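Enquirer: First the structure, which I've put down as structure tokens, then a few questions once you've had a look.
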Amino acid sequence: MTDDTIGERPADPAPRRTAYHYYVVAVLVLIYAVNFLDRQIMAILVAPIGKDLHLSDTQLGMLSGVAFALFYATLGLPIARLADRYNRVRIIAVSCAIWSGFTVCCGLAGNFLQLAAARIGVGIGEAGGSPPSYSIIADYFPPQDRGYAMSLYSLGIPLGITLGTAFGALVANTYGWRVAFFAAGAPGIVLAVLLVTTVREPLRGGLDRLKQASITSSLPTALRAFFSNPVLRSTALSAGLSAFCGYGATAWAPAYLIRTLGMTLPEVALWYSLVNGVAMATGIFLSGWVADRWARTNPGAYALMPAIGLLITLPFFIGFLTAHSWTLALLLFVVPGLTFSMYLAPALSVIQNAVHPSERSTSGAILLLMINLIGLSGGPFLVGWVSDALAPRFGAESLRFGLAALIPAILLAVVVLFRGAVLLRRRAAAAQA
């Protein structure tokens, strides 16, 4: 890899969007979908894996969260520093090939430690996926359209989760959970080749009015600068808390529907994947599109959108947990499925617009660090731990209480998001003074 200021073919820095700009986003969306397919397929396979390998809910929660998230989040920072200096397209392609290979290795695991090692490998590879992608998209779309562009990119999440749920359930039901991992890893290799052969590395900062040509701060300096900024700090914390709720719910919702409410794997493949996928995609797209427009009159919109969404979702989530049939529970889960994902595109837009182009991958990685250390590590683990603790008394009903443990996190996320809206308005007022 060489520095992308030398010998690269920069994209047209004009703000006009072209079909090629959307093609770039489309390829990155497909890679992001594979990223989430490989990451979230554990959610649908926890039941057969736990039965086959004799694992507890706490161990399964660790495989769904901690084993992946710690390496994904921490290695994202040094990889992002490379992406802020070198060719981002090639970094994403290599990372995609790595995480796809380790997904295949998950299907070869014979015990908890082997599966945890393979999940760690998936996390290491996926660390190089999203932060460089954020930076590339920010160099293809101007600041006023970045919330919309980030919402398009983030559609890879529901696409990957839906495919992972439907595909994983169908394959596991027919051929077993190991074959599901083998098949899930294959598409990433093809997409890595497609990316590196058809997507051009854009001119870094070409769509921004820069007062500073470049920044070459060290990683510790970048971390201090990020967390000393009240807006960035609040955005990262609120995103982490929102992810705690969303990851905790989506990691265990299929198991809850199967174990507690009697849903079958084929029914999960058809109905849960469809309902959750459509709801999540709608929430992600609307949050970025609406926030961009609302922010023209209210700069706090990027925090108000997810805050209002979480307030709306609370009674529906409680209804989901108290329903006694999977059909009613799934119907009520439409709203949480929509609103739990509304934080991501606005948070990405705030951070990509607030930092220098040469710091965008690093700042995106810091955001993901918070999302994954707080959200992906904590949410699934908490639900599994509470479920295990209450299982001797409540049996299969214990998972209902495990999911209910997410409710205080929802309320805390709302408080932090409203605080973030105040900070965004203050920053906008200071910029106009």
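Each chain of the structure tokens is named A, B, ... in the order shown, its residues numbered from 1; ligands are numbered from 1 in display order.
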Would you pick out the contacts of Ser238 (chain A) at 9 Å or less, using only C-alpha atoms, so that residues sharing its chain but fewer than 2 positions from it are not included, and give the list as a ChimeraX atom specification?
Expert: /A:233-236,240-243,303,343,347,371,412-417,420
Enquirer: Restricted to all heavy atoms, what would the selected residues look like written as a CSV table (one decimal), in the first residue's frame?
Expert:
chain,number,residue,atom,x,y,z
A,233,ARG,N,-17.6,13.3,22.5
A,233,ARG,CA,-17.7,12.4,23.7
A,233,ARG,C,-19.1,12.0,23.9
A,233,ARG,O,-19.4,10.8,24.2
A,233,ARG,CB,-17.1,13.1,24.9
A,233,ARG,CG,-17.0,12.3,26.1
A,233,ARG,CD,-16.2,13.0,27.2
A,233,ARG,NE,-16.8,14.2,27.7
A,233,ARG,CZ,-16.3,15.4,27.6
A,233,ARG,NH1,-15.1,15.6,27.0
A,233,ARG,NH2,-16.9,16.5,28.0
A,234,SER,N,-20.0,13.0,23.9
A,234,SER,CA,-21.4,12.7,24.1
A,234,SER,C,-22.0,11.8,23.0
A,234,SER,O,-22.8,10.8,23.3
A,234,SER,CB,-22.2,14.0,24.2
A,234,SER,OG,-23.6,13.7,24.3
A,235,THR,N,-21.6,12.0,21.8
A,235,THR,CA,-22.1,11.2,20.7
A,235,THR,C,-21.6,9.8,20.8
A,235,THR,O,-22.4,8.8,20.6
A,235,THR,CB,-21.6,11.8,19.3
A,235,THR,OG1,-22.1,13.2,19.2
A,235,THR,CG2,-22.1,11.0,18.2
A,236,ALA,N,-20.4,9.6,21.2
A,236,ALA,CA,-19.9,8.2,21.3
A,236,ALA,C,-20.5,7.5,22.5
A,236,ALA,O,-20.8,6.3,22.4
A,236,ALA,CB,-18.3,8.3,21.5
A,240,GLY,N,-22.9,4.2,22.2
A,240,GLY,CA,-22.6,3.0,22.9
A,240,GLY,C,-23.8,2.5,23.7
A,240,GLY,O,-24.0,1.3,23.7
A,241,LEU,N,-24.5,3.4,24.4
A,241,LEU,CA,-25.6,2.9,25.2
A,241,LEU,C,-26.8,2.5,24.3
A,241,LEU,O,-27.4,1.5,24.6
A,241,LEU,CB,-26.1,4.1,26.1
A,241,LEU,CG,-25.1,4.5,27.2
A,241,LEU,CD1,-25.6,5.8,27.9
A,241,LEU,CD2,-25.1,3.4,28.3
A,242,SER,N,-27.0,3.1,23.2
A,242,SER,CA,-28.0,2.7,22.3
A,242,SER,C,-27.7,1.3,21.7
A,242,SER,O,-28.6,0.5,21.6
A,242,SER,CB,-28.2,3.7,21.1
A,242,SER,OG,-28.5,5.0,21.6
A,243,ALA,N,-26.4,1.1,21.4
A,243,ALA,CA,-26.0,-0.2,20.9
A,243,ALA,C,-26.1,-1.3,21.9
A,243,ALA,O,-26.4,-2.4,21.6
A,243,ALA,CB,-24.5,-0.1,20.4
A,303,ALA,N,-29.2,14.1,17.6
A,303,ALA,CA,-29.4,13.4,18.9
A,303,ALA,C,-30.8,13.2,19.2
A,303,ALA,O,-31.2,12.2,19.9
A,303,ALA,CB,-28.6,14.1,20.0
A,343,TYR,N,-29.8,5.4,16.0
A,343,TYR,CA,-28.7,6.2,16.5
A,343,TYR,C,-27.5,6.3,15.5
A,343,TYR,O,-26.7,7.2,15.5
A,343,TYR,CB,-28.2,5.7,17.8
A,343,TYR,CG,-27.4,4.4,17.7
A,343,TYR,CD1,-26.0,4.3,17.5
A,343,TYR,CD2,-28.1,3.1,17.6
A,343,TYR,CE1,-25.3,3.2,17.4
A,343,TYR,CE2,-27.4,1.9,17.5
A,343,TYR,CZ,-26.0,2.0,17.4
A,343,TYR,OH,-25.3,0.8,17.2
A,347,ALA,N,-25.1,9.6,14.3
A,347,ALA,CA,-23.8,9.7,15.1
A,347,ALA,C,-22.7,9.7,14.1
A,347,ALA,O,-21.7,10.5,14.2
A,347,ALA,CB,-23.7,8.4,16.0
A,371,ILE,N,-19.1,1.9,20.7
A,371,ILE,CA,-20.3,1.1,20.4
A,371,ILE,C,-20.0,-0.4,20.7
A,371,ILE,O,-20.9,-1.0,21.3
A,371,ILE,CB,-20.6,1.2,18.9
A,371,ILE,CG1,-21.2,2.6,18.6
A,371,ILE,CG2,-21.6,0.2,18.4
A,371,ILE,CD1,-21.4,2.9,17.1
A,412,LEU,N,-31.3,5.3,30.3
A,412,LEU,CA,-30.0,6.1,30.4
A,412,LEU,C,-29.6,6.6,29.0
A,412,LEU,O,-29.1,7.8,28.9
A,412,LEU,CB,-29.0,5.2,30.9
A,412,LEU,CG,-27.6,5.8,31.2
A,412,LEU,CD1,-27.7,7.0,32.1
A,412,LEU,CD2,-26.6,4.7,31.7
A,413,ALA,N,-29.8,5.9,28.0
A,413,ALA,CA,-29.4,6.3,26.6
A,413,ALA,C,-30.2,7.5,26.2
A,413,ALA,O,-29.7,8.5,25.6
A,413,ALA,CB,-29.6,5.2,25.6
A,414,VAL,N,-31.5,7.6,26.6
A,414,VAL,CA,-32.4,8.7,26.3
A,414,VAL,C,-31.8,10.0,27.0
A,414,VAL,O,-31.8,11.1,26.4
A,414,VAL,CB,-33.8,8.4,26.7
A,414,VAL,CG1,-34.7,9.7,26.7
A,414,VAL,CG2,-34.5,7.4,25.8
A,415,VAL,N,-31.5,9.9,28.2
A,415,VAL,CA,-30.9,11.0,29.0
A,415,VAL,C,-29.7,11.5,28.3
A,415,VAL,O,-29.5,12.8,28.1
A,415,VAL,CB,-30.6,10.6,30.4
A,415,VAL,CG1,-29.9,11.7,31.2
A,415,VAL,CG2,-31.9,10.3,31.2
A,416,VAL,N,-28.7,10.7,27.9
A,416,VAL,CA,-27.5,11.1,27.3
A,416,VAL,C,-27.8,11.7,25.9
A,416,VAL,O,-27.1,12.7,25.5
A,416,VAL,CB,-26.5,9.9,27.2
A,416,VAL,CG1,-25.2,10.3,26.5
A,416,VAL,CG2,-26.2,9.4,28.6
A,417,LEU,N,-28.7,11.2,25.2
A,417,LEU,CA,-29.0,11.7,23.9
A,417,LEU,C,-29.6,13.1,24.0
A,417,LEU,O,-29.3,14.0,23.2
A,417,LEU,CB,-30.0,10.8,23.1
A,417,LEU,CG,-29.4,9.5,22.5
A,417,LEU,CD1,-30.4,8.5,22.2
A,417,LEU,CD2,-28.6,9.9,21.3
A,420,GLY,N,-26.9,15.4,24.5
A,420,GLY,CA,-26.2,15.6,23.3
A,420,GLY,C,-26.8,16.6,22.4
A,420,GLY,O,-26.1,17.4,21.7
Enquirer: Wanna dump the region 194-281 of chain A-region 168-188 of chain A contacts at 9 Å for me, each residue with its shortest atom pair and the distance in Å to one decimal, counting only C-alpha atoms, ordered by chain and number, as a tab-separated table?
Expert:
residue	atom	partner	partner_atom	distance
A:Leu265	CA	A:Ala169	CA	5.6
A:Pro266	CA	A:Leu170	CA	6.2
A:Glu267	CA	A:Ala169	CA	8.8
A:Val268	CA	A:Ala169	CA	7.1
A:Ala269	CA	A:Ala169	CA	5.3
A:Leu270	CA	A:Leu170	CA	8.9
Enquirer: Please list as a list of chain:residue names every residue within 6 Å of Pro131 (chain A), counting only C-alpha atoms and excluding residues in the same chain fewer than 4 positions away.
Expert: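 Here the qualifying residues turn out to be A:Ser361, A:Gly364, A:Ala365.
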Enquirer: Sort by chain and increasing residue number a table of all residues of region 54-99 of chain A within 12 Å of region 135-150 of chain A, each with its closest pair of atoms and their distance in Å to one decimal, counting only C-alpha atoms, and write it as a tab-separated table.
Expert:
residue	atom	partner	partner_atom	distance
A:Ala80	CA	A:Ser135	CA	9.6
A:Arg81	CA	A:Ser135	CA	11.6
A:Ala83	CA	A:Ser135	CA	8.5
A:Asp84	CA	A:Ser135	CA	8.2
A:Arg85	CA	A:Ser135	CA	11.3
A:Tyr86	CA	A:Ser135	CA	11.8
A:Asn87	CA	A:Ile136	CA	10.0
A:Arg88	CA	A:Ile136	CA	7.3
A:Val89	CA	A:Ile136	CA	8.2
A:Arg90	CA	A:Ile136	CA	11.7
A:Ile91	CA	A:Ile136	CA	11.6
A:Ile92	CA	A:Ile136	CA	10.5
Enquirer: How would the residues just picked look written out with all heavy atoms as a short mmCIF file (atom, residue, chain, number, x, y, z; two decimals), in the first residue's frame?
Expert:
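Below is the file selection_23.cif, written as the result:
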data_model
loop_
_atom_site.label_atom_id
_atom_site.label_comp_id
_atom_site.auth_asym_id
_atom_site.auth_seq_id
_atom_site.Cartn_x
_atom_site.Cartn_y
_atom_site.Cartn_z
N ALA A 80 -7.37 1.88 11.57
CA ALA A 80 -7.90 3.16 11.10
C ALA A 80 -6.80 4.19 10.90
O ALA A 80 -6.87 5.01 9.98
CB ALA A 80 -8.94 3.69 12.09
N ARG A 81 -5.78 4.16 11.76
CA ARG A 81 -4.66 5.08 11.55
C ARG A 81 -3.98 4.81 10.22
O ARG A 81 -3.57 5.73 9.51
CB ARG A 81 -3.63 4.94 12.70
CG ARG A 81 -4.17 5.31 14.07
CD ARG A 81 -4.71 6.70 14.12
NE ARG A 81 -3.67 7.72 14.04
CZ ARG A 81 -3.91 9.02 13.92
NH1 ARG A 81 -5.15 9.45 13.84
NH2 ARG A 81 -2.92 9.89 13.87
N ALA A 83 -5.52 3.58 7.65
CA ALA A 83 -6.46 4.02 6.62
C ALA A 83 -6.48 5.53 6.46
O ALA A 83 -6.84 6.05 5.39
CB ALA A 83 -7.87 3.51 6.95
N ASP A 84 -6.10 6.27 7.49
CA ASP A 84 -6.03 7.73 7.38
C ASP A 84 -4.77 8.18 6.64
O ASP A 84 -4.62 9.38 6.37
CB ASP A 84 -6.06 8.36 8.78
CG ASP A 84 -7.48 8.54 9.30
OD1 ASP A 84 -8.39 8.69 8.48
OD2 ASP A 84 -7.67 8.51 10.53
N ARG A 85 -3.89 7.24 6.31
CA ARG A 85 -2.65 7.59 5.62
C ARG A 85 -2.44 6.84 4.32
O ARG A 85 -1.75 7.33 3.43
CB ARG A 85 -1.45 7.32 6.56
CG ARG A 85 -1.37 8.32 7.70
CD ARG A 85 -0.52 7.81 8.85
NE ARG A 85 -0.31 8.85 9.85
CZ ARG A 85 -1.23 9.21 10.74
NH1 ARG A 85 -2.40 8.61 10.77
NH2 ARG A 85 -0.98 10.17 11.62
N TYR A 86 -3.03 5.65 4.20
CA TYR A 86 -2.77 4.81 3.04
C TYR A 86 -4.07 4.46 2.31
O TYR A 86 -5.13 4.98 2.64
CB TYR A 86 -2.02 3.55 3.48
CG TYR A 86 -0.69 3.85 4.14
CD1 TYR A 86 -0.56 3.76 5.53
CD2 TYR A 86 0.41 4.25 3.40
CE1 TYR A 86 0.65 4.05 6.15
CE2 TYR A 86 1.61 4.54 4.01
CZ TYR A 86 1.72 4.44 5.39
OH TYR A 86 2.92 4.74 6.00
N ASN A 87 -3.97 3.60 1.35
CA ASN A 87 -5.09 3.28 0.46
C ASN A 87 -6.19 2.54 1.21
O ASN A 87 -6.03 1.40 1.65
CB ASN A 87 -4.57 2.42 -0.70
CG ASN A 87 -5.61 2.21 -1.77
OD1 ASN A 87 -6.61 1.55 -1.54
ND2 ASN A 87 -5.37 2.78 -2.95
N ARG A 88 -7.33 3.20 1.34
CA ARG A 88 -8.44 2.65 2.12
C ARG A 88 -9.11 1.48 1.42
O ARG A 88 -9.57 0.53 2.07
CB ARG A 88 -9.46 3.77 2.41
CG ARG A 88 -8.92 4.86 3.32
CD ARG A 88 -9.75 6.12 3.24
NE ARG A 88 -9.52 6.83 1.99
CZ ARG A 88 -10.06 8.02 1.69
NH1 ARG A 88 -10.88 8.60 2.54
NH2 ARG A 88 -9.79 8.61 0.54
N VAL A 89 -9.21 1.55 0.11
CA VAL A 89 -9.87 0.48 -0.65
C VAL A 89 -9.15 -0.85 -0.43
O VAL A 89 -9.77 -1.89 -0.18
CB VAL A 89 -9.92 0.84 -2.14
CG1 VAL A 89 -10.38 -0.34 -2.98
CG2 VAL A 89 -10.84 2.04 -2.37
N ARG A 90 -7.84 -0.83 -0.51
CA ARG A 90 -7.07 -2.07 -0.34
C ARG A 90 -7.16 -2.59 1.09
O ARG A 90 -7.20 -3.81 1.31
CB ARG A 90 -5.62 -1.84 -0.74
CG ARG A 90 -5.45 -1.48 -2.22
CD ARG A 90 -4.02 -1.09 -2.52
NE ARG A 90 -3.93 -0.46 -3.85
CZ ARG A 90 -2.87 0.20 -4.29
NH1 ARG A 90 -1.81 0.32 -3.50
NH2 ARG A 90 -2.87 0.73 -5.49
N ILE A 91 -7.18 -1.69 2.05
CA ILE A 91 -7.29 -2.11 3.45
C ILE A 91 -8.61 -2.83 3.68
O ILE A 91 -8.67 -3.88 4.34
CB ILE A 91 -7.14 -0.90 4.39
CG1 ILE A 91 -5.68 -0.41 4.39
CG2 ILE A 91 -7.59 -1.24 5.80
CD1 ILE A 91 -5.46 0.88 5.16
N ILE A 92 -9.70 -2.30 3.14
CA ILE A 92 -11.00 -2.94 3.30
C ILE A 92 -11.02 -4.31 2.63
O ILE A 92 -11.53 -5.29 3.18
CB ILE A 92 -12.12 -2.05 2.71
CG1 ILE A 92 -12.20 -0.73 3.48
CG2 ILE A 92 -13.47 -2.77 2.77
CD1 ILE A 92 -13.10 0.30 2.82
#
Enquirer: If you run DSSP over the backbone, which residues in region 261-341 of chain A end up alpha helix (DSSP H)? Put them as an MDAnalysis selection string.
Expert: chainID A and resid 265:267 273:294 301:322 326:332 334:339
Enquirer: Counting only C-alpha atoms, figure out which residue out of A:Pro132, A:Leu191, A:Phe167, A:Ala109 gets nearest to Val34 (chain A).
Expert: A:Leu191
Enquirer: As a list in words, please: the residues near Trp271 (chain A) (cut-off 12 Å, only C-alpha atoms, same-chain neighbours under 3 positions excluded).
Expert: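 Returned residues: Thr162, Thr165, Ala166, Ala169, Pro254, Leu257, Met263, Thr264, Leu265, Pro266, Glu267, Val268, Leu274, Val275, Asn276, Gly277, Val278, Trp326, Thr327, Ala329, Leu330, Leu331, Phe333 and Val334 of chain A.
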Enquirer: Please produce a file of the residues just selected, as a CSV table (one decimal), in the first residue's frame, where the atoms kept are N, CA, C and O atoms.
Expert:
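So the final result, stored in part13.csv, reads:
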chain,number,residue,atom,x,y,z
A,162,THR,N,-30.6,-9.7,8.3
A,162,THR,CA,-31.7,-10.5,7.7
A,162,THR,C,-31.2,-11.7,7.0
A,162,THR,O,-31.8,-12.8,7.1
A,165,THR,N,-30.0,-14.2,9.5
A,165,THR,CA,-31.0,-14.9,10.2
A,165,THR,C,-31.7,-16.0,9.3
A,165,THR,O,-31.8,-17.1,9.7
A,166,ALA,N,-32.2,-15.5,8.1
A,166,ALA,CA,-32.9,-16.4,7.2
A,166,ALA,C,-32.0,-17.5,6.7
A,166,ALA,O,-32.3,-18.7,6.7
A,169,ALA,N,-30.7,-19.9,9.6
A,169,ALA,CA,-31.7,-20.8,10.1
A,169,ALA,C,-32.0,-21.9,9.1
A,169,ALA,O,-32.1,-23.1,9.5
A,254,PRO,N,-34.0,-14.0,18.7
A,254,PRO,CA,-34.3,-15.3,18.1
A,254,PRO,C,-34.4,-16.5,19.1
A,254,PRO,O,-35.3,-17.3,19.1
A,257,LEU,N,-37.6,-16.2,21.2
A,257,LEU,CA,-38.7,-16.6,20.5
A,257,LEU,C,-38.8,-18.1,20.3
A,257,LEU,O,-39.9,-18.7,20.4
A,263,MET,N,-41.3,-20.8,18.9
A,263,MET,CA,-41.1,-20.6,17.5
A,263,MET,C,-40.1,-21.6,17.0
A,263,MET,O,-39.1,-22.0,17.7
A,264,THR,N,-40.2,-22.0,15.7
A,264,THR,CA,-39.3,-23.0,15.2
A,264,THR,C,-38.2,-22.3,14.3
A,264,THR,O,-38.4,-21.1,13.9
A,265,LEU,N,-37.1,-22.9,14.0
A,265,LEU,CA,-36.1,-22.3,13.2
A,265,LEU,C,-36.6,-21.9,11.8
A,265,LEU,O,-36.3,-20.8,11.4
A,266,PRO,N,-37.4,-22.7,11.1
A,266,PRO,CA,-37.9,-22.3,9.8
A,266,PRO,C,-38.8,-21.1,10.0
A,266,PRO,O,-38.8,-20.2,9.1
A,267,GLU,N,-39.6,-21.0,11.1
A,267,GLU,CA,-40.4,-19.8,11.3
A,267,GLU,C,-39.6,-18.6,11.6
A,267,GLU,O,-39.9,-17.4,11.1
A,268,VAL,N,-38.5,-18.7,12.3
A,268,VAL,CA,-37.6,-17.6,12.5
A,268,VAL,C,-37.0,-17.2,11.2
A,268,VAL,O,-36.9,-16.0,10.9
A,274,LEU,N,-37.6,-11.4,8.3
A,274,LEU,CA,-38.4,-10.4,7.4
A,274,LEU,C,-38.8,-9.2,8.3
A,274,LEU,O,-38.5,-8.1,7.9
A,275,VAL,N,-39.4,-9.5,9.4
A,275,VAL,CA,-39.9,-8.4,10.2
A,275,VAL,C,-38.8,-7.5,10.8
A,275,VAL,O,-38.8,-6.3,10.6
A,276,ASN,N,-37.8,-8.1,11.3
A,276,ASN,CA,-36.7,-7.4,11.9
A,276,ASN,C,-35.9,-6.7,10.8
A,276,ASN,O,-35.4,-5.5,11.0
A,277,GLY,N,-35.7,-7.3,9.7
A,277,GLY,CA,-34.9,-6.7,8.6
A,277,GLY,C,-35.5,-5.5,8.1
A,277,GLY,O,-34.9,-4.4,7.9
A,278,VAL,N,-36.8,-5.6,7.8
A,278,VAL,CA,-37.5,-4.4,7.2
A,278,VAL,C,-37.6,-3.3,8.2
A,278,VAL,O,-37.4,-2.1,7.9
A,326,TRP,N,-45.7,-16.1,20.1
A,326,TRP,CA,-44.6,-15.5,19.3
A,326,TRP,C,-45.2,-14.6,18.2
A,326,TRP,O,-44.5,-13.7,17.8
A,327,THR,N,-46.4,-14.8,17.8
A,327,THR,CA,-46.9,-13.9,16.8
A,327,THR,C,-47.1,-12.5,17.3
A,327,THR,O,-46.8,-11.5,16.7
A,329,ALA,N,-45.7,-11.3,20.0
A,329,ALA,CA,-44.3,-10.8,20.4
A,329,ALA,C,-43.6,-10.2,19.2
A,329,ALA,O,-43.0,-9.1,19.2
A,330,LEU,N,-43.7,-10.9,18.0
A,330,LEU,CA,-43.0,-10.5,16.8
A,330,LEU,C,-43.6,-9.2,16.3
A,330,LEU,O,-42.9,-8.3,15.8
A,331,LEU,N,-44.9,-9.1,16.4
A,331,LEU,CA,-45.6,-7.9,15.9
A,331,LEU,C,-45.2,-6.7,16.7
A,331,LEU,O,-44.9,-5.6,16.2
A,333,PHE,N,-42.4,-6.4,18.3
A,333,PHE,CA,-41.0,-6.1,18.1
A,333,PHE,C,-40.7,-5.3,16.9
A,333,PHE,O,-39.5,-4.8,16.7
A,334,VAL,N,-41.7,-5.0,16.1
A,334,VAL,CA,-41.5,-4.1,14.9
A,334,VAL,C,-40.9,-2.8,15.3
A,334,VAL,O,-40.0,-2.3,14.7
Enquirer: Calculated over only C-alpha atoms, which of the candidates A:Ala354, A:Leu70, A:Ala291, A:Leu382 has the smallest distance to Ile120 (chain A)?
Expert: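 Ranking A:Ala354, A:Leu70, A:Ala291, A:Leu382 by distance to Ile120 (chain A), first place goes to A:Leu70.
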Enquirer: Residues within 8 Å of Ala127 (chain A), please, as a list in words. Count only C-alpha atoms; anything in the same chain fewer than 3 positions from it doesn't count.
Expert: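 So the residues in contact are Phe71, Tyr72, Ala73, Leu75, Gly76, Ile79, Ser95, Gly123, Ile124, Ser130 and Pro131 of chain A.
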Enquirer: State, in Å with one decimal place, the distance from CA of Leu310 (chain A) to CA of Thr339 (chain A).
Expert: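 So the two atoms, CA of Leu310 (chain A) and CA of Thr339 (chain A), lie 6.1 Å apart.
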